[in-house]
$ cat run_30.tsv   # TSV, C-alpha atoms
chain	number	residue	atom	x	y	z
R	1432	MET	CA	0.00	0.00	0.00
R	1433	PRO	CA	1.63	3.32	-1.02
R	1434	THR	CA	2.11	5.92	1.70
R	1435	ILE	CA	0.21	9.20	1.69
R	1436	ALA	CA	3.35	11.09	0.69
R	1437	ALA	CA	4.05	8.66	-2.14
R	1438	MET	CA	0.51	9.04	-3.50
R	1439	PHE	CA	0.78	12.81	-3.42
R	1440	HIS	CA	4.18	13.00	-5.09
R	1441	ARG	CA	3.14	10.44	-7.70
R	1442	ASN	CA	0.61	13.02	-8.92
R	1443	ALA	CA	3.00	15.95	-8.59
R	1444	GLN	CA	4.89	14.90	-11.70
R	1445	TYR	CA	1.77	15.57	-13.75
R	1446	VAL	CA	0.98	18.85	-12.02
R	1447	ALA	CA	4.49	20.08	-12.86
R	1448	VAL	CA	3.87	19.88	-16.63
R	1449	LEU	CA	2.96	23.43	-17.77
R	1450	LEU	CA	1.84	24.75	-21.12
R	1451	PRO	CA	4.36	27.13	-22.74
R	1452	LEU	CA	3.32	30.78	-22.56
R	1453	ALA	CA	3.97	33.50	-25.09
R	1454	LEU	CA	6.57	36.04	-24.07
R	1455	THR	CA	5.07	39.36	-23.03
R	1456	ALA	CA	6.38	42.45	-21.33
R	1457	SER	CA	4.64	41.50	-18.12
R	1458	SER	CA	6.13	38.01	-18.11
R	1459	ALA	CA	9.59	39.50	-17.85
R	1460	LEU	CA	8.70	40.97	-14.46
R	1461	PRO	CA	9.64	38.91	-11.38
R	1462	GLN	CA	6.80	36.71	-10.12
R	1463	GLN	CA	5.92	37.01	-6.45
R	1464	GLU	CA	5.30	33.79	-4.54
R	1465	PRO	CA	1.85	33.61	-2.89
R	1466	LYS	CA	2.02	34.44	0.80
R	1467	PRO	CA	1.13	31.72	3.31
R	1468	LEU	CA	-2.33	32.12	4.80
R	1469	SER	CA	-2.36	33.89	8.15
R	1470	GLN	CA	-2.95	31.67	11.17
R	1471	GLU	CA	-5.53	34.23	12.29
R	1472	ASP	CA	-7.70	33.78	9.20
R	1473	PRO	CA	-11.23	32.95	10.44
R	1474	ARG	CA	-11.69	30.43	7.60
R	1475	LEU	CA	-9.30	28.10	9.45
R	1476	VAL	CA	-11.89	27.60	12.23
R	1477	PHE	CA	-14.63	24.96	11.94
R	1478	SER	CA	-17.40	23.71	14.20
R	1479	PHE	CA	-19.53	20.58	14.47
R	1480	PRO	CA	-21.16	18.43	17.21
R	1481	ILE	CA	-19.88	14.94	17.99
R	1482	GLN	CA	-23.46	13.60	18.03
R	1483	PRO	CA	-26.93	15.07	17.41
R	1484	GLY	CA	-28.06	17.38	20.18
R	1485	ALA	CA	-24.55	17.81	21.65
R	1486	ALA	CA	-22.84	21.17	21.93
R	1487	PRO	CA	-20.54	21.70	18.93
R	1488	LEU	CA	-16.79	21.60	19.30
R	1489	ARG	CA	-14.55	24.18	17.64
R	1490	PHE	CA	-11.63	23.07	15.44
R	1491	ALA	CA	-8.79	25.47	14.56
R	1492	VAL	CA	-6.42	24.26	11.83
R	1493	GLU	CA	-2.78	24.97	12.70
R	1494	LEU	CA	-0.26	26.11	10.08
R	1495	ASP	CA	3.49	26.58	10.21
R	1496	LYS	CA	5.25	29.68	8.85
R	1497	ALA	CA	5.27	28.18	5.35
R	1498	GLY	CA	1.51	27.61	5.43
R	1499	SER	CA	1.65	23.83	5.78
R	1500	VAL	CA	-0.95	22.04	7.93
R	1501	THR	CA	0.72	20.80	11.12
R	1502	GLY	CA	-2.35	19.82	13.12
R	1503	VAL	CA	-5.58	21.02	14.68
R	1504	SER	CA	-6.57	22.42	18.09
R	1505	ILE	CA	-9.95	21.50	19.57
R	1506	TYR	CA	-12.01	23.74	21.86
R	1507	ARG	CA	-15.28	23.36	23.71
R	1508	ASN	CA	-18.02	25.80	22.82
R	1509	GLY	CA	-16.90	29.21	24.12
R	1510	GLY	CA	-13.66	27.83	25.58
R	1511	GLN	CA	-10.40	29.72	25.18
R	1512	GLU	CA	-7.98	26.89	25.99
R	1513	PRO	CA	-7.83	23.82	23.74
R	1514	ILE	CA	-9.01	20.56	25.24
R	1515	GLN	CA	-6.85	18.64	22.77
R	1516	ARG	CA	-4.19	19.24	20.13
R	1517	LEU	CA	-3.77	16.73	17.30
R	1518	ALA	CA	-0.63	16.61	15.19
R	1519	SER	CA	-0.78	15.89	11.47
R	1520	CYS	CA	-0.33	12.20	10.59
R	1521	SER	CA	2.20	13.00	7.85
R	1522	GLN	CA	4.99	15.36	6.91
R	1523	PRO	CA	3.51	18.60	5.49
R	1524	LEU	CA	2.43	18.01	1.90
R	1525	GLU	CA	0.37	21.09	1.14
R	1526	GLN	CA	1.00	24.82	1.45
R	1527	ILE	CA	-2.06	26.91	2.28
R	1528	THR	CA	-1.63	30.35	0.73
R	1529	GLU	CA	-3.69	33.50	0.26
R	1530	VAL	CA	-4.70	32.38	-3.24
R	1531	TRP	CA	-6.80	29.50	-1.87
R	1532	GLU	CA	-10.50	30.05	-2.54
R	1533	ASP	CA	-13.19	29.75	0.12
R	1534	TYR	CA	-14.47	26.44	-1.27
R	1535	GLU	CA	-10.94	24.99	-1.11
R	1536	LEU	CA	-10.40	26.16	2.47
R	1537	SER	CA	-13.78	24.68	3.42
R	1538	LYS	CA	-12.33	21.22	2.71
R	1539	LEU	CA	-9.62	21.51	5.39
R	1540	VAL	CA	-11.86	19.96	8.06
R	1541	ALA	CA	-14.66	17.46	7.50
R	1542	HIS	CA	-16.40	14.88	9.67
R	1543	ALA	CA	-18.18	11.54	9.32
R	1544	ASP	CA	-18.83	8.44	11.42
R	1545	PHE	CA	-16.11	6.23	9.95
R	1546	ASN	CA	-16.41	3.38	12.48
R	1547	PHE	CA	-20.22	3.55	12.79
R	1548	ASP	CA	-20.34	3.91	16.57
R	1549	GLY	CA	-22.78	6.85	16.50
R	1550	PHE	CA	-20.14	9.56	16.95
R	1551	GLU	CA	-18.62	11.89	14.37
R	1552	ASP	CA	-14.94	11.45	13.56
R	1553	LEU	CA	-12.52	14.12	12.36
R	1554	GLU	CA	-11.01	14.39	8.87
R	1555	LEU	CA	-8.06	16.81	8.51
R	1556	LEU	CA	-6.97	17.61	4.95
R	1557	ILE	CA	-3.22	17.48	4.33
R	1558	ALA	CA	-3.14	17.47	0.52
R	1559	TYR	CA	-5.55	18.59	-2.17
R	1560	ILE	CA	-5.23	18.12	-5.94
R	1561	PRO	CA	-8.03	20.21	-7.49
R	1562	HIS	CA	-7.79	19.02	-11.11
R	1563	LEU	CA	-8.34	15.44	-9.90
R	1564	ASP	CA	-10.68	16.46	-7.05
R	1565	LYS	CA	-8.41	14.38	-4.82
R	1566	ARG	CA	-8.35	14.77	-1.04
R	1567	ILE	CA	-5.76	13.09	1.19
R	1568	SER	CA	-6.53	13.35	4.89
R	1569	CYS	CA	-5.65	12.30	8.41
R	1570	ILE	CA	-8.56	10.54	10.16
R	1571	TYR	CA	-9.06	10.78	13.94
R	1572	LEU	CA	-11.72	8.60	15.61
R	1573	TRP	CA	-13.73	9.89	18.56
R	1574	ASP	CA	-13.35	7.79	21.72
R	1575	GLN	CA	-16.45	8.39	23.81
R	1576	LYS	CA	-15.00	6.80	26.97
R	1577	ARG	CA	-11.95	9.06	26.91
R	1578	GLY	CA	-13.77	12.06	25.48
R	1579	SER	CA	-11.07	12.69	22.89
R	1580	PHE	CA	-9.92	11.93	19.35
R	1581	ALA	CA	-7.21	9.41	18.43
R	1582	LEU	CA	-5.47	8.95	15.09
R	1583	SER	CA	-6.62	5.96	13.03
R	1584	LYS	CA	-3.56	4.89	11.08
R	1585	GLN	CA	-5.62	2.30	9.20
R	1586	LEU	CA	-8.04	4.89	7.82
R	1587	SER	CA	-5.35	7.51	7.24
R	1588	ASP	CA	-3.25	5.08	5.19
R	1589	ILE	CA	-6.09	3.81	2.97
R	1590	GLY	CA	-5.81	6.45	0.29
R	1591	ALA	CA	-7.74	9.37	-1.14
R	1592	ASN	CA	-11.32	10.62	-0.96
R	1593	LEU	CA	-12.57	8.49	1.93
R	1594	GLU	CA	-16.33	8.20	2.30
R	1595	ALA	CA	-18.34	6.52	5.07
R	1596	HIS	CA	-21.55	4.66	4.15
R	1597	PRO	CA	-23.68	4.07	7.28
R	1598	GLU	CA	-26.39	2.15	5.38
R	1599	SER	CA	-23.92	-0.60	4.43
R	1600	LYS	CA	-21.37	0.08	7.21
R	1601	THR	CA	-18.58	0.30	4.64
R	1602	VAL	CA	-15.84	2.80	3.91
R	1603	THR	CA	-14.77	3.55	0.34
R	1604	SER	CA	-11.75	5.24	-1.19
R	1605	HIS	CA	-11.29	6.58	-4.70
R	1606	GLU	CA	-7.82	7.11	-6.18
R	1607	SER	CA	-7.46	8.74	-9.60
R	1608	TRP	CA	-4.47	9.70	-11.69
R	1609	PHE	CA	-3.80	12.04	-14.59
R	1610	GLY	CA	-4.91	10.59	-17.93
R	1611	GLY	CA	-7.85	8.50	-16.73
R	1612	PRO	CA	-6.59	5.59	-14.52
R	1613	TRP	CA	-8.46	5.07	-11.26
R	1614	GLN	CA	-9.01	2.58	-8.46
R	1615	ASP	CA	-11.93	2.15	-6.05
R	1616	ASP	CA	-11.76	0.12	-2.84
R	1617	THR	CA	-14.51	-0.83	-0.39
R	1618	TYR	CA	-13.68	-1.75	3.22
R	1619	ARG	CA	-15.60	-3.10	6.19
R	1620	TRP	CA	-14.72	-3.41	9.85
R	1621	THR	CA	-13.96	-6.83	11.33
R	1622	GLY	CA	-13.60	-5.98	14.99
R	1623	ASN	CA	-11.03	-3.17	15.05
R	1624	ARG	CA	-9.50	-4.17	11.72
R	1625	LEU	CA	-10.39	-2.89	8.26
R	1626	GLU	CA	-10.44	-5.37	5.39
R	1627	VAL	CA	-10.96	-4.88	1.67
R	1628	ILE	CA	-14.14	-6.55	0.42
R	1629	GLU	CA	-14.31	-5.08	-3.10
R	1630	GLU	CA	-11.82	-3.57	-5.50
R	1631	SER	CA	-12.24	-2.25	-9.03
R	1632	SER	CA	-9.75	-0.39	-11.20
R	1633	LEU	CA	-9.04	0.94	-14.65
R	1634	LEU	CA	-5.26	0.94	-15.02
R	1635	GLY	CA	-2.91	1.48	-17.92
R	1636	ASP	CA	-1.82	4.15	-20.39
R	1637	TRP	CA	-2.62	4.87	-24.03
R	1638	SER	CA	1.11	4.84	-24.75
R	1639	LEU	CA	1.03	1.09	-24.04
R	1640	GLN	CA	-1.57	0.41	-26.74
R	1641	THR	CA	-0.46	-1.51	-29.81
R	1642	SER	CA	-2.21	-3.38	-32.60
R	1643	ASP	CA	-2.11	-6.49	-30.40
R	1644	LYS	CA	-2.63	-4.95	-26.96
R	1645	CYS	CA	-5.11	-2.49	-25.40
R	1646	GLY	CA	-3.83	0.45	-23.41
R	1647	TYR	CA	-6.01	-0.13	-20.34
R	1648	THR	CA	-7.42	-3.04	-18.34
R	1649	TYR	CA	-10.58	-2.92	-16.24
R	1650	THR	CA	-10.61	-5.41	-13.34
R	1651	CYS	CA	-12.92	-6.25	-10.45
R	1652	SER	CA	-12.28	-8.35	-7.35
R	1653	ARG	CA	-14.44	-9.36	-4.38
R	1654	LEU	CA	-13.75	-10.98	-1.03
R	1655	VAL	CA	-14.47	-14.70	-1.36
R	1656	GLY	CA	-13.48	-17.21	1.31
R	1657	GLY	CA	-11.34	-14.64	3.10
R	1658	LYS	CA	-9.35	-13.68	-0.02
R	1659	LEU	CA	-9.84	-11.23	-2.86
R	1660	ALA	CA	-10.86	-13.16	-5.96
R	1661	LEU	CA	-10.87	-11.78	-9.50
R	1662	THR	CA	-14.42	-11.50	-10.91
R	1663	LEU	CA	-13.69	-9.63	-14.15
R	1664	SER	CA	-10.76	-8.65	-16.33
R	1665	LYS	CA	-11.59	-6.68	-19.48
R	1666	PRO	CA	-9.20	-4.99	-21.96
R	1667	VAL	CA	-10.20	-1.38	-22.73
R	1668	CYS	CA	-9.08	-0.13	-26.12
R	1669	SER	CA	-10.96	3.17	-26.62
R	1670	GLY	CA	-12.16	6.24	-24.78
R	1671	ASP	CA	-15.78	5.22	-25.41
R	1672	GLU	CA	-15.18	1.97	-23.55
R	1673	MET	CA	-13.68	3.87	-20.60
R	1674	GLY	CA	-16.99	5.64	-20.08
R	1675	ASN	CA	-19.15	2.55	-20.52
R	1676	LEU	CA	-17.73	-0.10	-18.21
R	1677	PRO	CA	-19.85	-3.06	-17.06
R	1678	ALA	CA	-20.92	-3.66	-13.48
R	1679	CYS	CA	-18.61	-5.81	-11.42
R	1680	PRO	CA	-19.79	-9.46	-11.23
R	1681	VAL	CA	-20.14	-11.16	-7.87
R	1682	ALA	CA	-18.91	-14.62	-8.86
R	1683	PRO	CA	-15.16	-15.17	-9.29
R	1684	VAL	CA	-13.72	-15.87	-12.70
R	1685	ARG	CA	-13.45	-19.61	-13.10
R	1686	PRO	CA	-10.43	-20.98	-14.93
R	1687	LYS	CA	-11.23	-22.75	-18.18
R	1688	PRO	CA	-11.12	-26.52	-17.77
R	1689	ARG	CA	-8.17	-28.18	-19.37
R	1690	PRO	CA	-8.97	-30.54	-22.21
R	1691	PRO	CA	-8.43	-34.21	-21.34
R	1692	LYS	CA	-5.11	-35.66	-22.35
R	1693	LEU	CA	-5.28	-37.95	-25.33
R	1694	GLN	CA	-3.98	-41.41	-24.66
R	1695	LYS	CA	-1.44	-42.63	-27.12
R	1696	SER	CA	-2.53	-45.68	-29.03
R	1697	ARG	CA	-0.31	-48.69	-28.65

$ encode --input "run_30.tsv" --output "structure tokens"
Amino acid sequence: MPTIAAMFHRNAQYVAVLLPLALTASSALPQQEPKPLSQEDPRLVFSFPIQPGAAPLRFAVELDKAGSVTGVSIYRNGGQEPIQRLASCSQPLEQITEVWEDYELSKLVAHADFNFDGFEDLELLIAYIPHLDKRISCIYLWDQKRGSFALSKQLSDIGANLEAHPESKTVTSHESWFGGPWQDDTYRWTGNRLEVIEESSLLGDWSLQTSDKCGYTYTCSRLVGGKLALTLSKPVCSGDEMGNLPACPVAPVRPKPRPPKLQKSR
């Protein structure tokens, strides 16, 4: 499983490719780097209750001098001293500057019940890739007995764009890359452990396509007998196929039976 930093930097190589610009008089002027967002910016403060009817807690995102997210401080309603400080689960990957729009800053803190215990858990954004709509976050689970949050390394290491689904008690992740490849994973809790129960992906590159080989492959797998079993593998040779993929089958792919060996006549 790739680390959060590896997933972010794997996409950075695509972000770094820029279109050439025509030379103008203004382009000759020195470009000023965007200033890091001030720690006092009110858009760094969020609020939500841990459960319905409870008083909301206040969450203040903490930045270093470069504008990178280093953690979050948590306050009770009206309190001036934090009841808890949570450090980021990763080295700083994102720089929050004054050019960030309100809708981007609104993604810094989110919440959902990721372990389905009836209490909201905290999601702290540490990297955001807008052109892929990709969010990479640290996840902290609320412990009702202790009255505090604790980092969930399992959830934080899963990948990008985590979503909790209370109706099925599953957690999903969606990872996408420049050019069209993607992978979706579905997890469920077995005790305190997360396990993958479904996986589907469209992986490849058009540069790999030849007259004898398609550029992409669409695959599906499901948990069968405690192990992920392949249920579909389909070559994808055109953009039209990429947008019209079949549903993932439930039954595993069965190997074709071998023809019986012919006995040599004496």

$ closest_residue --input "run_30.tsv" --among "R:Val1602, R:Ala1595, R:Val1500, R:Leu1659" --to "Ile1557 in chain R" --atoms "all atoms listed in the file"
R:Val1500

$ residues_near_point --input "run_30.tsv" --point "(-6.8, 7.4, -7.9)" --cutoff "10 Å" --atoms "only C-alpha atoms" --output "list in words"
Met1438, Asn1442, Leu1563, Asp1564, Lys1565, Gly1590, Ala1591, Asn1592, Ser1604, His1605, Glu1606, Ser1607, Trp1608, Phe1609, Gly1611, Pro1612, Trp1613, Gln1614, Asp1615, Ser1632, Leu1633 and Leu1634 of chain R

$ closest_residue --input "run_30.tsv" --among "R:Asn1508, R:Thr1617, R:Val1540, R:Cys1520" --to "Val1476 in chain R" --atoms "all atoms listed in the file"
R:Val1540

$ residues_around --input "run_30.tsv" --residues "Ile1628 in chain R" --least-positions-apart "5" --cutoff "10 Å" --atoms "only C-alpha atoms" --output "JSON, numbers by chain"
{"R": [1601, 1616, 1617, 1618, 1619, 1620, 1652, 1653, 1654, 1655, 1657, 1658, 1659, 1660]}

$ atom_distance --input "run_30.tsv" --atom1 "CA of Asn1675 in chain R" --atom2 "CA of Ser1638 in chain R"
20.8 Å

$ closest_residue --input "run_30.tsv" --among "R:Pro1597, R:Gly1670, R:Pro1561, R:Gly1509" --to "Asp1636 in chain R" --atoms "only C-alpha atoms"
R:Gly1670

$ residues_around --input "run_30.tsv" --residues "Glu1554 in chain R" --least-positions-apart "6" --cutoff "12 Å" --atoms "only C-alpha atoms" --output "ChimeraX atom specification"
/R:1477,1479,1490,1492,1502-1503,1517,1519-1520,1537-1545,1566-1573,1580-1583,1586-1587,1591-1595

$ decode --input "run_30.tsv" --residues "range 1545-1571 of chain R" --atoms "N, CA, C and O atoms" --output "PDB file, in the first residue's frame"
ATOM      1  N   PHE R1545     -16.843   7.217  10.733  1.00  0.00           N
ATOM      2  CA  PHE R1545     -16.106   6.234   9.954  1.00  0.00           C
ATOM      3  C   PHE R1545     -16.130   4.831  10.560  1.00  0.00           C
ATOM      4  O   PHE R1545     -15.901   3.857   9.845  1.00  0.00           O
ATOM      5  N   ASN R1546     -16.347   4.712  11.863  1.00  0.00           N
ATOM      6  CA  ASN R1546     -16.414   3.377  12.475  1.00  0.00           C
ATOM      7  C   ASN R1546     -17.814   3.017  12.946  1.00  0.00           C
ATOM      8  O   ASN R1546     -18.018   2.006  13.631  1.00  0.00           O
ATOM      9  N   PHE R1547     -18.801   3.856  12.603  1.00  0.00           N
ATOM     10  CA  PHE R1547     -20.222   3.549  12.791  1.00  0.00           C
ATOM     11  C   PHE R1547     -20.584   3.242  14.241  1.00  0.00           C
ATOM     12  O   PHE R1547     -21.343   2.322  14.532  1.00  0.00           O
ATOM     13  N   ASP R1548     -20.029   4.069  15.149  1.00  0.00           N
ATOM     14  CA  ASP R1548     -20.343   3.912  16.570  1.00  0.00           C
ATOM     15  C   ASP R1548     -21.313   4.980  17.052  1.00  0.00           C
ATOM     16  O   ASP R1548     -21.587   5.078  18.248  1.00  0.00           O
ATOM     17  N   GLY R1549     -21.825   5.814  16.128  1.00  0.00           N
ATOM     18  CA  GLY R1549     -22.782   6.846  16.498  1.00  0.00           C
ATOM     19  C   GLY R1549     -22.166   8.192  16.795  1.00  0.00           C
ATOM     20  O   GLY R1549     -22.899   9.140  17.123  1.00  0.00           O
ATOM     21  N   PHE R1550     -20.833   8.308  16.674  1.00  0.00           N
ATOM     22  CA  PHE R1550     -20.139   9.565  16.953  1.00  0.00           C
ATOM     23  C   PHE R1550     -19.345  10.011  15.724  1.00  0.00           C
ATOM     24  O   PHE R1550     -18.768   9.191  15.008  1.00  0.00           O
ATOM     25  N   GLU R1551     -19.322  11.331  15.526  1.00  0.00           N
ATOM     26  CA  GLU R1551     -18.622  11.888  14.373  1.00  0.00           C
ATOM     27  C   GLU R1551     -17.110  11.848  14.584  1.00  0.00           C
ATOM     28  O   GLU R1551     -16.611  12.124  15.683  1.00  0.00           O
ATOM     29  N   ASP R1552     -16.397  11.496  13.544  1.00  0.00           N
ATOM     30  CA  ASP R1552     -14.944  11.447  13.564  1.00  0.00           C
ATOM     31  C   ASP R1552     -14.388  12.601  12.732  1.00  0.00           C
ATOM     32  O   ASP R1552     -15.088  13.183  11.900  1.00  0.00           O
ATOM     33  N   LEU R1553     -13.138  12.930  12.943  1.00  0.00           N
ATOM     34  CA  LEU R1553     -12.523  14.116  12.359  1.00  0.00           C
ATOM     35  C   LEU R1553     -11.659  13.758  11.157  1.00  0.00           C
ATOM     36  O   LEU R1553     -10.892  12.792  11.194  1.00  0.00           O
ATOM     37  N   GLU R1554     -11.795  14.559  10.099  1.00  0.00           N
ATOM     38  CA  GLU R1554     -11.014  14.387   8.872  1.00  0.00           C
ATOM     39  C   GLU R1554     -10.245  15.685   8.621  1.00  0.00           C
ATOM     40  O   GLU R1554     -10.849  16.733   8.386  1.00  0.00           O
ATOM     41  N   LEU R1555      -8.910  15.631   8.688  1.00  0.00           N
ATOM     42  CA  LEU R1555      -8.059  16.811   8.508  1.00  0.00           C
ATOM     43  C   LEU R1555      -7.314  16.701   7.188  1.00  0.00           C
ATOM     44  O   LEU R1555      -6.508  15.789   6.978  1.00  0.00           O
ATOM     45  N   LEU R1556      -7.581  17.634   6.278  1.00  0.00           N
ATOM     46  CA  LEU R1556      -6.968  17.611   4.953  1.00  0.00           C
ATOM     47  C   LEU R1556      -5.484  17.960   5.043  1.00  0.00           C
ATOM     48  O   LEU R1556      -5.102  18.930   5.694  1.00  0.00           O
ATOM     49  N   ILE R1557      -4.643  17.153   4.386  1.00  0.00           N
ATOM     50  CA  ILE R1557      -3.217  17.479   4.331  1.00  0.00           C
ATOM     51  C   ILE R1557      -2.724  17.657   2.903  1.00  0.00           C
ATOM     52  O   ILE R1557      -1.623  18.163   2.685  1.00  0.00           O
ATOM     53  N   ALA R1558      -3.514  17.248   1.912  1.00  0.00           N
ATOM     54  CA  ALA R1558      -3.137  17.468   0.515  1.00  0.00           C
ATOM     55  C   ALA R1558      -4.393  17.502  -0.335  1.00  0.00           C
ATOM     56  O   ALA R1558      -5.323  16.735  -0.115  1.00  0.00           O
ATOM     57  N   TYR R1559      -4.390  18.423  -1.301  1.00  0.00           N
ATOM     58  CA  TYR R1559      -5.554  18.590  -2.172  1.00  0.00           C
ATOM     59  C   TYR R1559      -5.075  18.811  -3.596  1.00  0.00           C
ATOM     60  O   TYR R1559      -4.218  19.670  -3.847  1.00  0.00           O
ATOM     61  N   ILE R1560      -5.598  18.010  -4.531  1.00  0.00           N
ATOM     62  CA  ILE R1560      -5.229  18.117  -5.936  1.00  0.00           C
ATOM     63  C   ILE R1560      -6.508  18.473  -6.699  1.00  0.00           C
ATOM     64  O   ILE R1560      -7.305  17.596  -7.044  1.00  0.00           O
ATOM     65  N   PRO R1561      -6.737  19.776  -6.946  1.00  0.00           N
ATOM     66  CA  PRO R1561      -8.031  20.210  -7.490  1.00  0.00           C
ATOM     67  C   PRO R1561      -8.388  19.591  -8.833  1.00  0.00           C
ATOM     68  O   PRO R1561      -9.544  19.216  -9.049  1.00  0.00           O
ATOM     69  N   HIS R1562      -7.423  19.482  -9.768  1.00  0.00           N
ATOM     70  CA  HIS R1562      -7.787  19.019 -11.105  1.00  0.00           C
ATOM     71  C   HIS R1562      -8.201  17.547 -11.117  1.00  0.00           C
ATOM     72  O   HIS R1562      -8.826  17.083 -12.068  1.00  0.00           O
ATOM     73  N   LEU R1563      -7.884  16.815 -10.042  1.00  0.00           N
ATOM     74  CA  LEU R1563      -8.344  15.437  -9.905  1.00  0.00           C
ATOM     75  C   LEU R1563      -9.411  15.311  -8.823  1.00  0.00           C
ATOM     76  O   LEU R1563      -9.895  14.210  -8.560  1.00  0.00           O
ATOM     77  N   ASP R1564      -9.755  16.448  -8.183  1.00  0.00           N
ATOM     78  CA  ASP R1564     -10.680  16.462  -7.048  1.00  0.00           C
ATOM     79  C   ASP R1564     -10.271  15.409  -6.020  1.00  0.00           C
ATOM     80  O   ASP R1564     -11.090  14.642  -5.509  1.00  0.00           O
ATOM     81  N   LYS R1565      -8.962  15.398  -5.721  1.00  0.00           N
ATOM     82  CA  LYS R1565      -8.412  14.376  -4.818  1.00  0.00           C
ATOM     83  C   LYS R1565      -8.092  14.982  -3.453  1.00  0.00           C
ATOM     84  O   LYS R1565      -7.403  16.001  -3.360  1.00  0.00           O
ATOM     85  N   ARG R1566      -8.610  14.348  -2.410  1.00  0.00           N
ATOM     86  CA  ARG R1566      -8.355  14.767  -1.035  1.00  0.00           C
ATOM     87  C   ARG R1566      -7.613  13.657  -0.290  1.00  0.00           C
ATOM     88  O   ARG R1566      -8.036  12.498  -0.317  1.00  0.00           O
ATOM     89  N   ILE R1567      -6.507  14.022   0.347  1.00  0.00           N
ATOM     90  CA  ILE R1567      -5.763  13.091   1.191  1.00  0.00           C
ATOM     91  C   ILE R1567      -5.793  13.648   2.607  1.00  0.00           C
ATOM     92  O   ILE R1567      -5.434  14.810   2.830  1.00  0.00           O
ATOM     93  N   SER R1568      -6.231  12.836   3.560  1.00  0.00           N
ATOM     94  CA  SER R1568      -6.530  13.353   4.887  1.00  0.00           C
ATOM     95  C   SER R1568      -6.005  12.446   5.994  1.00  0.00           C
ATOM     96  O   SER R1568      -5.753  11.258   5.789  1.00  0.00           O
ATOM     97  N   CYS R1569      -5.870  13.056   7.174  1.00  0.00           N
ATOM     98  CA  CYS R1569      -5.650  12.298   8.410  1.00  0.00           C
ATOM     99  C   CYS R1569      -7.023  12.084   9.060  1.00  0.00           C
ATOM    100  O   CYS R1569      -7.835  13.011   9.115  1.00  0.00           O
ATOM    101  N   ILE R1570      -7.265  10.872   9.546  1.00  0.00           N
ATOM    102  CA  ILE R1570      -8.556  10.536  10.162  1.00  0.00           C
ATOM    103  C   ILE R1570      -8.343  10.260  11.648  1.00  0.00           C
ATOM    104  O   ILE R1570      -7.494   9.441  12.034  1.00  0.00           O
ATOM    105  N   TYR R1571      -9.134  10.937  12.483  1.00  0.00           N
ATOM    106  CA  TYR R1571      -9.062  10.775  13.937  1.00  0.00           C
ATOM    107  C   TYR R1571     -10.434  10.302  14.422  1.00  0.00           C
ATOM    108  O   TYR R1571     -11.454  10.965  14.172  1.00  0.00           O
TER     109      TYR R1571
END
